[in-house]
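One file, protein-v9.txt, is given below (compact mmCIF, C-alpha atoms).
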# COMPACT_ATOMS: atom_id res chain seq x y z
CA PHE A 27 3.54 -11.19 17.73
CA ASP A 28 4.58 -14.07 15.49
CA TRP A 29 2.26 -17.07 15.25
CA GLU A 30 4.87 -19.25 16.91
CA GLU A 31 5.76 -17.10 19.92
CA PRO A 32 3.96 -16.70 23.26
CA LEU A 33 2.01 -13.53 23.90
CA VAL A 34 3.82 -11.80 26.76
CA PHE A 35 2.35 -8.84 28.67
CA ARG A 36 4.17 -7.01 31.46
CA PHE A 37 2.50 -4.81 34.06
CA VAL A 38 3.56 -2.49 36.84
CA LEU A 39 1.16 -1.90 39.76
CA ALA A 40 2.01 1.05 41.99
CA ASN A 41 0.73 1.44 45.57
CA ALA A 42 0.95 5.01 46.82
CA SER A 43 -0.93 4.27 50.07
CA THR A 44 0.53 3.55 53.51
CA LYS A 45 -0.86 0.00 53.62
CA PRO A 46 -0.08 -3.15 51.63
CA GLN A 47 -2.63 -3.90 48.94
CA SER A 48 -3.61 -7.09 47.07
CA PRO A 49 -5.48 -5.88 43.99
CA LYS A 50 -7.13 -8.32 41.63
CA VAL A 51 -6.14 -8.06 37.97
CA GLN A 52 -8.32 -9.62 35.27
CA PHE A 53 -7.16 -10.17 31.69
CA ARG A 54 -9.20 -10.85 28.54
CA LEU A 55 -8.37 -11.28 24.86
CA ILE A 56 -11.22 -10.30 22.51
CA ASP A 57 -10.91 -11.70 18.99
CA PHE A 58 -11.67 -10.38 15.49
CA PHE A 59 -15.38 -11.18 15.89
CA GLY A 60 -15.71 -9.53 19.31
CA LYS A 61 -15.72 -12.81 21.24
CA GLU A 62 -13.61 -13.68 24.27
CA ALA A 63 -10.74 -15.94 23.20
CA TRP A 64 -8.80 -16.14 26.48
CA SER A 65 -9.02 -14.88 30.07
CA ASN A 66 -7.13 -15.08 33.33
CA SER A 67 -6.97 -13.33 36.69
CA PHE A 68 -4.48 -12.89 39.56
CA GLU A 69 -4.15 -11.28 42.93
CA VAL A 70 -0.90 -9.36 43.32
CA ALA A 71 0.65 -8.32 46.63
CA VAL A 72 1.92 -4.74 46.40
CA PRO A 73 3.84 -3.35 49.41
CA ALA A 74 2.95 0.08 50.80
CA GLY A 75 4.66 2.93 48.97
CA SER A 76 6.11 0.56 46.41
CA ALA A 77 5.39 -1.18 43.13
CA ALA A 78 5.16 -4.75 41.87
CA GLN A 79 5.80 -6.05 38.39
CA MET A 80 4.06 -9.03 36.84
CA GLU A 81 4.11 -10.89 33.56
CA VAL A 82 1.23 -12.74 31.89
CA ASN A 83 1.76 -15.25 29.10
CA ALA A 84 -0.71 -16.79 26.65
CA GLY A 85 -0.17 -19.15 23.73
CA PRO A 86 1.26 -19.87 21.31
CA GLU A 87 -1.69 -21.83 19.96
CA SER A 88 -3.81 -21.79 16.80
CA SER A 89 -6.82 -20.31 18.62
CA LEU A 90 -4.76 -17.22 19.49
CA ARG A 91 -3.97 -16.06 15.96
CA GLY A 92 -5.31 -12.98 14.22
CA SER A 93 -6.47 -9.58 15.45
CA PHE A 94 -7.17 -9.07 19.16
CA GLU A 95 -7.88 -6.48 21.80
CA PHE A 96 -6.22 -7.10 25.14
CA HIS A 97 -8.08 -5.77 28.20
CA ALA A 98 -6.70 -5.62 31.74
CA VAL A 99 -8.80 -4.47 34.71
CA MET A 100 -7.29 -3.87 38.17
CA THR A 101 -9.61 -3.71 41.19
CA ALA A 102 -8.43 -2.70 44.68
CA GLY A 103 -11.34 -1.94 46.98
CA ASP A 104 -13.20 0.99 45.45
CA VAL A 105 -10.42 1.72 42.99
CA ALA A 106 -10.67 0.27 39.48
CA GLN A 107 -8.53 0.98 36.45
CA GLN A 108 -8.60 -0.43 32.94
CA ARG A 109 -5.98 -0.59 30.21
CA SER A 110 -6.44 -1.93 26.69
CA LEU A 111 -4.18 -2.65 23.76
CA ARG A 112 -4.68 -3.56 20.10
CA LEU A 113 -2.51 -6.43 18.94
CA ALA A 114 -2.01 -8.77 16.02
CA VAL A 115 -0.70 -12.34 16.05
CA ILE A 116 0.58 -12.92 12.54
CA PRO A 117 2.72 -15.21 10.38
CA VAL A 118 5.71 -12.85 10.24
CA HIS A 119 6.92 -12.48 6.65
CA ARG A 120 10.61 -13.29 6.26
CA GLY A 121 10.92 -13.55 2.46
CA ASP A 122 12.57 -10.91 0.28
CA ASP A 123 9.57 -10.53 -2.06
CA SER A 124 5.79 -10.57 -1.84
CA ARG A 125 2.62 -9.72 -3.72
CA PHE A 126 1.99 -6.62 -1.64
CA GLY A 127 3.27 -3.10 -1.13
CA VAL A 128 2.43 0.43 -0.03
CA ASN A 129 2.14 3.68 -1.98
CA HIS A 130 4.63 6.00 -0.16
CA ALA A 131 6.99 4.76 2.54
CA TYR A 132 5.79 5.32 6.11
CA PRO A 133 7.92 8.07 7.65
CA TRP A 134 8.61 6.29 10.94
CA PRO A 135 11.24 3.50 10.89
CA HIS A 136 9.28 1.19 13.20
CA LEU A 137 6.27 1.40 10.86
CA LEU A 138 8.48 0.29 7.98
CA ASP A 139 9.46 -2.73 10.06
CA LEU A 140 5.83 -3.52 10.94
CA THR A 141 4.88 -3.16 7.28
CA ARG A 142 7.54 -5.65 6.25
CA MET A 143 6.44 -8.11 8.96
CA ALA A 144 2.95 -8.16 7.42
CA GLY A 145 4.35 -9.02 4.00
CA MET A 146 4.13 -5.60 2.35
CA ILE A 147 7.57 -5.63 0.75
CA TRP A 148 7.14 -3.09 -2.04
CA ILE A 149 7.23 0.68 -1.68
CA ARG A 150 6.10 3.02 -4.47
CA ASP A 151 8.40 6.02 -4.26
CA TRP A 152 7.46 9.46 -5.63
CA SER A 153 10.64 11.36 -4.84
CA LEU A 154 12.29 11.17 -8.29
CA LYS A 155 10.39 14.07 -9.83
CA TRP A 156 12.28 15.59 -12.76
CA GLN A 157 12.13 19.06 -11.18
CA GLU A 158 13.79 17.69 -8.01
CA VAL A 159 16.41 15.55 -9.78
CA GLU A 160 17.36 18.09 -12.46
CA PRO A 161 16.16 21.57 -11.36
CA GLU A 162 18.25 23.13 -14.16
CA LYS A 163 19.28 21.50 -17.41
CA GLY A 164 22.33 19.31 -16.86
CA GLN A 165 22.45 19.95 -13.09
CA PHE A 166 21.53 16.64 -11.44
CA THR A 167 21.21 16.11 -7.70
CA PHE A 168 20.17 12.94 -5.86
CA THR A 169 20.86 13.93 -2.25
CA GLU A 170 17.24 14.03 -1.09
CA THR A 171 16.09 11.17 -3.31
CA ASP A 172 18.91 8.96 -2.01
CA TYR A 173 17.66 9.54 1.51
CA GLN A 174 14.05 8.73 0.59
CA ILE A 175 14.87 5.62 -1.44
CA ASN A 176 17.51 4.25 0.91
CA ARG A 177 15.11 4.49 3.89
CA PRO A 178 12.91 1.53 2.85
CA LEU A 179 15.84 -0.37 1.33
CA GLU A 180 17.58 -0.31 4.72
CA HIS A 181 14.53 -2.06 6.20
CA GLY A 182 14.60 -4.91 3.68
CA LEU A 183 11.93 -3.45 1.42
CA ARG A 184 11.90 -3.09 -2.38
CA VAL A 185 11.31 0.14 -4.27
CA LEU A 186 9.18 0.79 -7.33
CA GLY A 187 10.67 3.97 -8.81
CA LEU A 188 7.90 6.27 -10.05
CA LEU A 189 8.71 9.21 -12.33
CA PRO A 190 5.45 11.01 -11.52
CA PHE A 191 5.50 13.92 -13.97
CA PRO A 192 6.54 14.20 -17.63
CA SER A 193 8.49 17.46 -17.23
CA ALA A 194 10.47 19.79 -15.05
CA ASN A 195 9.51 23.46 -14.98
CA TRP A 196 12.34 24.34 -17.35
CA SER A 197 11.66 21.50 -19.82
CA SER A 198 7.88 21.75 -20.01
CA SER A 199 5.96 22.51 -23.19
CA ALA A 200 3.32 24.31 -21.13
CA PRO A 201 2.42 27.80 -22.32
CA ALA A 202 4.01 30.75 -20.54
CA SER A 203 0.68 31.46 -18.86
CA VAL A 204 1.11 28.28 -16.79
CA GLY A 205 3.65 29.43 -14.24
CA ALA A 206 5.88 27.50 -11.87
CA ALA A 207 4.31 27.44 -8.40
CA ASP A 208 5.90 26.42 -5.09
CA ARG A 209 2.88 24.91 -3.35
CA TYR A 210 1.03 21.65 -3.97
CA PRO A 211 -1.04 21.00 -6.05
CA ALA A 212 -0.42 24.19 -8.06
CA ASN A 213 3.25 23.23 -8.46
CA ARG A 214 2.30 20.26 -10.62
CA ALA A 215 0.37 22.24 -13.25
CA ARG A 216 3.38 23.10 -15.42
CA VAL A 217 5.21 19.78 -15.04
CA ALA A 218 2.10 17.84 -16.12
CA TYR A 219 2.65 18.92 -19.73
CA ALA A 220 4.81 16.86 -22.09
CA PRO A 221 8.46 17.89 -22.41
CA ARG A 222 9.53 20.11 -25.27
CA ASP A 223 12.38 17.80 -26.25
CA GLU A 224 12.51 14.01 -26.12
CA PRO A 225 16.34 13.89 -25.77
CA ASP A 226 16.13 15.96 -22.56
CA PHE A 227 13.54 13.57 -21.17
CA GLN A 228 15.59 10.52 -22.06
CA ALA A 229 18.69 12.07 -20.49
CA TYR A 230 16.76 12.54 -17.21
CA VAL A 231 15.52 8.93 -17.36
CA ALA A 232 18.98 7.53 -18.17
CA LYS A 233 20.73 9.50 -15.43
CA THR A 234 18.13 8.48 -12.84
CA VAL A 235 18.06 4.79 -13.77
CA SER A 236 21.87 4.72 -13.86
CA HIS A 237 22.15 6.29 -10.41
CA TYR A 238 19.81 3.69 -8.87
CA ARG A 239 20.98 0.67 -10.82
CA GLY A 240 21.26 -2.21 -8.36
CA ARG A 241 18.87 -0.52 -5.94
CA VAL A 242 15.76 -0.06 -8.11
CA ARG A 243 14.78 -2.46 -10.86
CA TRP A 244 11.15 -1.54 -11.61
CA TRP A 245 10.30 1.91 -13.05
CA GLN A 246 6.86 3.43 -13.58
CA VAL A 247 5.99 5.89 -16.35
CA PHE A 248 4.05 8.82 -14.79
CA ASN A 249 1.22 8.90 -12.28
CA GLU A 250 -2.38 8.66 -13.47
CA PRO A 251 -1.91 10.04 -17.00
CA LEU A 252 -4.75 11.45 -19.10
CA PHE A 253 -7.71 11.21 -16.73
CA THR A 254 -6.21 13.38 -13.93
CA SER A 255 -4.16 16.58 -13.82
CA TYR A 256 -0.97 14.77 -12.76
CA SER A 257 0.45 13.98 -16.19
CA LEU A 258 -0.54 14.53 -19.84
CA PRO A 259 -4.08 15.58 -18.83
CA ARG A 260 -6.84 14.87 -21.30
CA GLU A 261 -8.15 18.40 -20.76
CA HIS A 262 -5.04 19.71 -22.53
CA GLY A 263 -5.61 17.49 -25.55
CA TYR A 264 -3.39 14.50 -24.68
CA THR A 265 -4.50 11.00 -25.66
CA GLY A 266 -3.44 7.41 -25.13
CA LYS A 267 -1.26 7.75 -28.23
CA ASP A 268 0.74 10.53 -26.52
CA TYR A 269 1.19 8.43 -23.42
CA ALA A 270 2.42 5.53 -25.55
CA ARG A 271 5.02 7.80 -27.14
CA TRP A 272 6.52 8.81 -23.80
CA THR A 273 6.30 5.27 -22.46
CA LYS A 274 8.37 4.08 -25.42
CA ALA A 275 10.84 6.92 -24.91
CA MET A 276 11.26 6.11 -21.23
CA GLY A 277 11.54 2.38 -21.86
CA GLU A 278 14.26 2.88 -24.49
CA ALA A 279 16.33 5.15 -22.25
CA ALA A 280 15.90 2.97 -19.16
CA ARG A 281 16.80 -0.29 -20.90
CA ARG A 282 19.84 1.20 -22.62
CA THR A 283 21.10 2.20 -19.19
CA ASP A 284 20.08 -0.97 -17.33
CA PRO A 285 19.12 -3.94 -19.53
CA ASP A 286 17.80 -5.76 -16.44
CA CYS A 287 15.30 -3.04 -15.51
CA ARG A 288 11.54 -3.42 -15.92
CA VAL A 289 8.97 -0.83 -17.02
CA LEU A 290 5.46 -0.38 -15.60
CA ALA A 291 2.91 1.77 -17.44
CA GLY A 292 -0.83 2.26 -17.58
CA VAL A 293 -3.62 4.79 -17.43
CA GLY A 294 -3.81 4.42 -13.66
CA TYR A 295 -7.46 3.57 -13.20
CA LEU A 296 -9.86 0.81 -14.23
CA ARG A 297 -13.32 1.76 -15.34
CA GLU A 298 -15.52 1.21 -18.38
CA GLY A 299 -15.93 4.13 -20.77
CA GLU A 300 -13.24 6.77 -21.30
CA ILE A 301 -10.61 4.93 -19.26
CA MET A 302 -10.96 1.80 -21.39
CA GLU A 303 -10.79 3.96 -24.51
CA ASP A 304 -7.54 5.45 -23.18
CA PHE A 305 -6.14 1.95 -22.67
CA GLU A 306 -7.24 0.98 -26.21
CA GLN A 307 -5.39 3.96 -27.72
CA PHE A 308 -2.35 3.33 -25.53
CA PHE A 309 -2.14 -0.35 -26.49
CA ALA A 310 -2.81 0.31 -30.19
CA ALA A 311 0.00 2.90 -30.33
CA GLY A 312 2.58 0.44 -29.01
CA GLY A 313 2.31 1.14 -25.31
CA LEU A 314 1.62 -2.49 -24.44
CA ASP A 315 4.73 -3.67 -26.27
CA ALA A 316 6.85 -0.99 -24.58
CA CYS A 317 6.21 -2.09 -21.00
CA ASP A 318 6.61 -5.22 -18.89
CA ALA A 319 3.48 -4.80 -16.76
CA ILE A 320 0.30 -2.71 -16.81
CA ASP A 321 -0.58 -0.27 -14.01
CA ILE A 322 -4.06 0.30 -12.61
CA HIS A 323 -5.50 2.11 -9.57
CA HIS A 324 -8.85 1.82 -7.85
CA TYR A 325 -10.57 3.23 -4.78
CA PRO A 326 -13.77 1.19 -4.37
CA ARG A 327 -14.94 3.35 -1.42
CA ILE A 328 -17.80 1.41 0.22
CA ARG A 329 -18.69 -0.88 -2.69
CA PRO A 330 -18.32 -4.64 -2.19
CA PRO A 331 -15.37 -5.92 -4.25
CA GLU A 332 -17.11 -8.14 -6.78
CA PHE A 333 -17.91 -5.26 -9.19
CA ILE A 334 -14.25 -5.10 -10.24
CA GLU A 335 -14.30 -8.51 -11.93
CA ALA A 336 -15.96 -7.26 -15.15
CA PRO A 337 -13.60 -4.33 -15.93
CA LEU A 338 -10.60 -6.50 -15.01
CA ALA A 339 -11.73 -9.09 -17.56
CA GLN A 340 -12.28 -6.35 -20.16
CA LEU A 341 -8.73 -5.09 -19.67
CA GLY A 342 -7.45 -8.63 -20.20
CA ARG A 343 -9.37 -8.92 -23.46
CA GLN A 344 -7.92 -5.62 -24.67
CA MET A 345 -4.40 -6.87 -24.04
CA GLU A 346 -5.13 -10.09 -25.93
CA LYS A 347 -6.38 -8.03 -28.86
CA HIS A 348 -3.10 -6.08 -29.00
CA GLY A 349 -0.58 -8.86 -28.64
CA GLY A 350 -1.15 -10.74 -25.41
CA ARG A 351 -1.70 -10.36 -21.69
CA LYS A 352 0.92 -8.88 -19.45
CA PRO A 353 1.01 -8.84 -15.63
CA ILE A 354 -1.06 -6.15 -13.93
CA TRP A 355 0.12 -4.11 -10.95
CA LEU A 356 -2.44 -2.32 -8.77
CA THR A 357 -0.28 0.47 -7.34
CA GLU A 358 -2.95 2.46 -5.50
CA TYR A 359 -5.95 0.96 -3.71
CA GLY A 360 -7.62 0.92 -0.34
CA TYR A 361 -10.60 0.06 1.79
CA TYR A 362 -10.80 2.17 4.95
CA ALA A 363 -12.27 1.91 8.46
CA ASP A 364 -11.54 2.75 12.09
CA ASP A 365 -13.34 1.17 15.06
CA ASP A 366 -11.89 3.82 17.41
CA PRO A 367 -12.27 7.06 15.46
CA TRP A 368 -10.61 10.20 16.76
CA ALA A 369 -13.65 12.19 15.60
CA THR A 370 -17.25 11.45 14.65
CA PRO A 371 -18.15 11.54 11.82
CA ILE A 372 -14.74 10.33 10.65
CA PRO A 373 -13.02 12.97 8.48
CA ASN A 374 -12.29 11.65 5.00
CA SER A 375 -11.49 12.81 1.48
CA GLY A 376 -14.19 10.87 -0.34
CA PHE A 377 -11.99 8.21 -1.90
CA ASP A 378 -11.27 6.91 1.62
CA SER A 379 -14.90 6.89 2.77
CA PRO A 380 -15.01 4.63 5.84
CA LEU A 381 -16.77 1.29 5.87
CA PRO A 382 -19.00 0.42 8.86
CA SER A 383 -16.25 -1.46 10.72
CA GLU A 384 -12.72 -2.81 10.53
CA GLN A 385 -14.21 -6.30 10.26
CA VAL A 386 -16.00 -5.36 7.02
CA GLN A 387 -12.83 -3.64 5.82
CA SER A 388 -10.80 -6.80 6.39
CA GLU A 389 -13.38 -9.04 4.74
CA TYR A 390 -13.60 -6.78 1.68
CA ALA A 391 -9.80 -6.66 1.42
CA VAL A 392 -9.58 -10.46 1.35
CA ARG A 393 -12.30 -10.71 -1.29
CA TRP A 394 -10.71 -7.92 -3.35
CA THR A 395 -7.27 -9.56 -3.26
CA THR A 396 -8.68 -12.93 -4.30
CA ILE A 397 -10.45 -11.42 -7.31
CA MET A 398 -7.41 -9.37 -8.29
CA LEU A 399 -4.99 -12.30 -8.19
CA ALA A 400 -7.46 -14.45 -10.11
CA GLY A 401 -7.72 -11.69 -12.75
CA GLY A 402 -4.04 -11.36 -13.63
CA VAL A 403 -2.86 -8.90 -10.97
CA GLU A 404 0.61 -9.68 -9.60
CA LYS A 405 1.20 -6.82 -7.12
CA ILE A 406 -1.19 -4.89 -4.87
CA PHE A 407 -0.10 -1.59 -3.28
CA TYR A 408 -2.21 -0.02 -0.54
CA HIS A 409 -2.64 3.73 -0.27
CA ALA A 410 -0.94 5.03 1.72
CA GLY A 411 2.13 5.08 3.92
CA THR A 412 1.04 8.11 5.87
CA CYS A 413 0.72 8.71 9.60
CA ASP A 414 -0.34 11.77 11.55
CA GLY A 415 -0.01 13.02 15.09
CA ILE A 416 -2.09 12.12 18.11
CA ASN A 417 -5.69 13.40 17.91
CA SER A 418 -5.31 13.95 14.16
CA ASP A 419 -5.13 10.40 12.85
CA SER A 420 -5.62 9.55 9.19
CA LEU A 421 -7.74 6.83 7.59
CA GLN A 422 -5.24 6.73 4.75
CA GLY A 423 -2.67 5.06 6.98
CA ILE A 424 -4.95 1.97 6.72
CA PHE A 425 -3.01 -0.41 8.96
CA TYR A 426 -2.11 1.59 12.07
CA GLU A 427 -3.54 3.74 14.78
CA TYR A 428 -1.26 6.44 16.20
CA ALA A 429 2.24 5.05 16.94
CA GLY A 430 1.61 1.73 15.21
CA ALA A 431 -1.21 -0.05 17.07
CA PRO A 432 -2.60 -2.42 14.42
CA HIS A 433 -6.02 -2.24 12.83
CA LYS A 434 -7.79 -5.54 12.19
CA ILE A 435 -6.82 -5.45 8.51
CA TYR A 436 -3.15 -5.69 9.52
CA ALA A 437 -3.59 -9.30 10.65
CA ALA A 438 -5.70 -10.13 7.59
CA GLN A 439 -3.01 -8.68 5.31
CA ALA A 440 -0.26 -10.73 6.99
CA VAL A 441 -2.19 -13.95 6.41
CA MET A 442 -2.84 -13.03 2.77
CA ALA A 443 0.90 -12.54 2.25
CA HIS A 444 1.45 -15.93 3.91
CA LEU A 445 -1.05 -17.69 1.63
CA PHE A 446 -0.48 -15.80 -1.63
CA THR A 447 3.28 -16.04 -2.19
CA PRO A 448 4.85 -14.58 -5.38
CA ALA A 449 4.88 -18.11 -6.82
CA THR A 450 1.11 -18.61 -6.39
CA LYS A 451 -0.82 -19.18 -9.61
CA PHE A 452 -4.54 -18.96 -10.22
CA VAL A 453 -6.01 -22.30 -11.38
CA LYS A 454 -9.77 -21.87 -11.80
CA ARG A 455 -12.95 -20.47 -10.39
CA LEU A 456 -15.36 -22.98 -8.90
CA ALA A 457 -19.05 -23.16 -9.84
CA LEU A 458 -20.68 -23.28 -6.42
CA GLY A 459 -24.08 -21.75 -7.03
CA HIS A 460 -25.65 -18.35 -6.64
CA GLY A 461 -24.01 -16.07 -4.07
CA ILE A 462 -21.04 -18.37 -3.40
CA ARG A 463 -17.60 -17.77 -4.88
CA GLY A 464 -14.62 -20.10 -4.78
CA TYR A 465 -11.20 -19.71 -6.34
CA VAL A 466 -8.47 -22.33 -6.62
CA PHE A 467 -4.79 -21.32 -6.49
CA ARG A 468 -1.65 -23.42 -6.59
CA ASP A 469 1.73 -22.71 -4.98
CA ASP A 470 4.00 -25.59 -5.97
CA GLU A 471 2.53 -28.53 -4.02
CA ARG A 472 0.10 -26.40 -2.00
Translate the structure described by the file into structure tokens.
Amino acid sequence: FDWEEPLVFRFVLANASTKPQSPKVQFRLIDFFGKEAWSNSFEVAVPAGSAAQMEVNAGPESSLRGSFEFHAVMTAGDVAQQRSLRLAVIPVHRGDDSRFGVNHAYPWPHLLDLTRMAGMIWIRDWSLKWQEVEPEKGQFTFTETDYQINRPLEHGLRVLGLLPFPSANWSSSAPASVGAADRYPANRARVAYAPRDEPDFQAYVAKTVSHYRGRVRWWQVFNEPLFTSYSLPREHGYTGKDYARWTKAMGEAARRTDPDCRVLAGVGYLREGEIMEDFEQFFAAGGLDACDAIDIHHYPRIRPPEFIEAPLAQLGRQMEKHGGRKPIWLTEYGYYADDDPWATPIPNSGFDSPLPSEQVQSEYAVRWTTIMLAGGVEKIFYHAGTCDGINSDSLQGIFYEYAGAPHKIYAAQAVMAHLFTPATKFVKRLALGHGIRGYVFRDDER
């Protein structure tokens, strides 16, 4: 529901007996903190062998905003039934841009609409892999990628075009011993190597950027280079200098094709030690000059958000050392939780280790966003736009239970998009004493 609209609930009560019944129906709204925010009750006359419909309205009012559980209990003599529903009352986002996005587009159309309503306008798309776009040299096809990229665009979303891997199977410099596989993740081993020829790579970039000119403006250079096996892995001898070379090559080809395009590049994580050394090499070799924004990822798991402030500041100092700060995009991140798990303990993959509750998840997400935006981050993408079937739900979907019932963080995210518009600027951090943090932002006159 939008903040400004009444909450409307419709019920059908069916009486299969041979006598009229007048069951009592009680309604309660339980808020984010587990407290009752609203209640009501009715008696409803239901004829024998028939059904009666009823409608219950609440709000709109400021006390009925946020994340709620709606509970309805019907009592008729010894018969009692209960129904419950998750819901969110949010400031529906109607702008064409925002600070927020999702890594991968949710597969269901109605989830794309719900995502947009909560102010997550950006979608990071992985479909433009070189092997898919140009499976043989000079043979380009965009049939499947058009479908994947047009899906979010048709729902009023924006697309960040990611070219995840440096090579196709045919263009890779990988040794012959690294074969082309057809199953994930083995099928990314060969394409993670650098291309044999830079002109082939630039031709792929130019053709792709040209095809999506007017639909995609921002382009990202590879996924998680150096420190993972996705692209230019360190274990094969690649360094930040190599990544800078291919960033420059992609930037040149993309801008020749579309002078209005923008290039996003970065090591894809933020951590002291080797990752910072990778950034140092990348910046020193011209990578910072070659891009318009710097990419980072982070999965804080169950850690409170404040730890990220130090490495974020260190990254800023590195950019200043090599020519000046540029905007930062966080294109993969998530805190995870589920108050109604489909299994106990909740299955997870480690990086999505669940927090104790959705309330903690929401609170951490707000704190994390505040610190990020105060530290030079312009866009925050949650991981991930995935959804599974009933009885096999996924923590990675973050915002939704099966079919789209909202988690508590959905309402928190919508309010963050409402407060932190793209025009919002960080002003200063307040000195409020030990254990208290305050941050001042300005959005025009706000």
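Counting all atoms listed in the file, the residue from A:Ala194, A:Leu39, A:Val231, A:Val72 that sits nearest to Glu162 (chain A) is A:Ala194.
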CA of Ile424 (chain A) sits from CA of Leu258 (chain A) at a separation of 29.7 Å
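Proximity to Ala131 (chain A) was assessed for A:Tyr264, A:Phe407, A:Phe59, A:Trp272 counting all atoms listed in the file; the smallest distance is recorded for A:Phe407.
Reported to one decimal place, the separation of CA of Glu335 (chain A) from CA of Glu298 (chain A) is 11.7 Å.
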Separating CA of Ser257 (chain A) from CA of Leu421 (chain A), to the nearest tenth of an Å, is a gap of 26.1 Å
Kindly compute an axis-aligned box around the listed atoms of region 143-149 of chain A, allowing 3 Å on each side, and express its centre and edge lengths in Å to one decimal as JSON.
{"center_x": 5.3, "center_y": -4.2, "center_z": 3.5, "size_x": 10.6, "size_y": 15.7, "size_z": 17.0}
The residue from A:Ala280, A:Ala215, A:Met442, A:Ala400 with the smallest atom-to-atom distance to Ala202 (chain A), counting all atoms listed in the file, is A:Ala215
What's around Asp315 (chain A) at 12 Å? Count all atoms listed in the file, leave out sequence neighbours fewer than 2 positions away in its own chain, and write the answer as number ranges by chain. A: 270-271, 273-274, 277-278, 289-292, 308-313, 317-320, 345-346, 348-352
Selection to disk with C-alpha atoms, as a short mmCIF file (atom, residue, chain, number, x, y, z; two decimals), in the coordinates of the input:
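The resulting selection_38.cif:
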data_model
loop_
_atom_site.label_atom_id
_atom_site.label_comp_id
_atom_site.auth_asym_id
_atom_site.auth_seq_id
_atom_site.Cartn_x
_atom_site.Cartn_y
_atom_site.Cartn_z
CA ALA A 270 2.42 5.53 -25.55
CA ARG A 271 5.02 7.80 -27.14
CA THR A 273 6.30 5.27 -22.46
CA LYS A 274 8.37 4.08 -25.42
CA GLY A 277 11.54 2.38 -21.86
CA GLU A 278 14.26 2.88 -24.49
CA VAL A 289 8.97 -0.83 -17.02
CA LEU A 290 5.46 -0.38 -15.60
CA ALA A 291 2.91 1.77 -17.44
CA GLY A 292 -0.83 2.26 -17.58
CA PHE A 308 -2.35 3.33 -25.53
CA PHE A 309 -2.14 -0.35 -26.49
CA ALA A 310 -2.81 0.31 -30.19
CA ALA A 311 0.00 2.90 -30.33
CA GLY A 312 2.58 0.44 -29.01
CA GLY A 313 2.31 1.14 -25.31
CA CYS A 317 6.21 -2.09 -21.00
CA ASP A 318 6.61 -5.22 -18.89
CA ALA A 319 3.48 -4.80 -16.76
CA ILE A 320 0.30 -2.71 -16.81
CA MET A 345 -4.40 -6.87 -24.04
CA GLU A 346 -5.13 -10.09 -25.93
CA HIS A 348 -3.10 -6.08 -29.00
CA GLY A 349 -0.58 -8.86 -28.64
CA GLY A 350 -1.15 -10.74 -25.41
CA ARG A 351 -1.70 -10.36 -21.69
CA LYS A 352 0.92 -8.88 -19.45
#
For this session: Go ahead and find all residues with at least one atom no further than 6 Å from (-7.3, 1.2, 17.3) in the file's coordinates, using only C-alpha atoms; report them as an NGL selection string.
Result: :A and (366 or 427 or 433)
From the list A:Leu399, A:Cys413, A:Ala207, A:Val242, the nearest residue to Arg455 (chain A) using only C-alpha atoms is A:Leu399
Kindly output region 107-113 of chain A as an mmCIF file, in the frame of the given file, after building N, CA, C and O atoms.
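Resulting contents of result.cif:
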data_model
loop_
_atom_site.group_PDB
_atom_site.id
_atom_site.type_symbol
_atom_site.label_atom_id
_atom_site.label_comp_id
_atom_site.auth_asym_id
_atom_site.auth_seq_id
_atom_site.Cartn_x
_atom_site.Cartn_y
_atom_site.Cartn_z
ATOM 1 N N GLN A 107 -9.148 0.388 37.634
ATOM 2 C CA GLN A 107 -8.530 0.980 36.450
ATOM 3 C C GLN A 107 -8.502 -0.043 35.328
ATOM 4 O O GLN A 107 -8.375 -1.245 35.578
ATOM 5 N N GLN A 108 -8.613 0.455 34.093
ATOM 6 C CA GLN A 108 -8.600 -0.430 32.940
ATOM 7 C C GLN A 108 -7.576 0.051 31.923
ATOM 8 O O GLN A 108 -7.414 1.244 31.716
ATOM 9 N N ARG A 109 -6.875 -0.890 31.317
ATOM 10 C CA ARG A 109 -5.980 -0.590 30.210
ATOM 11 C C ARG A 109 -6.313 -1.545 29.074
ATOM 12 O O ARG A 109 -6.677 -2.708 29.299
ATOM 13 N N SER A 110 -6.178 -1.073 27.842
ATOM 14 C CA SER A 110 -6.440 -1.930 26.690
ATOM 15 C C SER A 110 -5.372 -1.701 25.630
ATOM 16 O O SER A 110 -4.704 -0.662 25.609
ATOM 17 N N LEU A 111 -5.235 -2.677 24.754
ATOM 18 C CA LEU A 111 -4.180 -2.650 23.760
ATOM 19 C C LEU A 111 -4.633 -3.426 22.530
ATOM 20 O O LEU A 111 -5.151 -4.528 22.645
ATOM 21 N N ARG A 112 -4.467 -2.820 21.344
ATOM 22 C CA ARG A 112 -4.680 -3.560 20.100
ATOM 23 C C ARG A 112 -3.447 -4.417 19.840
ATOM 24 O O ARG A 112 -2.317 -3.980 20.078
ATOM 25 N N LEU A 113 -3.655 -5.616 19.317
ATOM 26 C CA LEU A 113 -2.510 -6.430 18.940
ATOM 27 C C LEU A 113 -2.869 -7.351 17.804
ATOM 28 O O LEU A 113 -4.044 -7.590 17.511
#
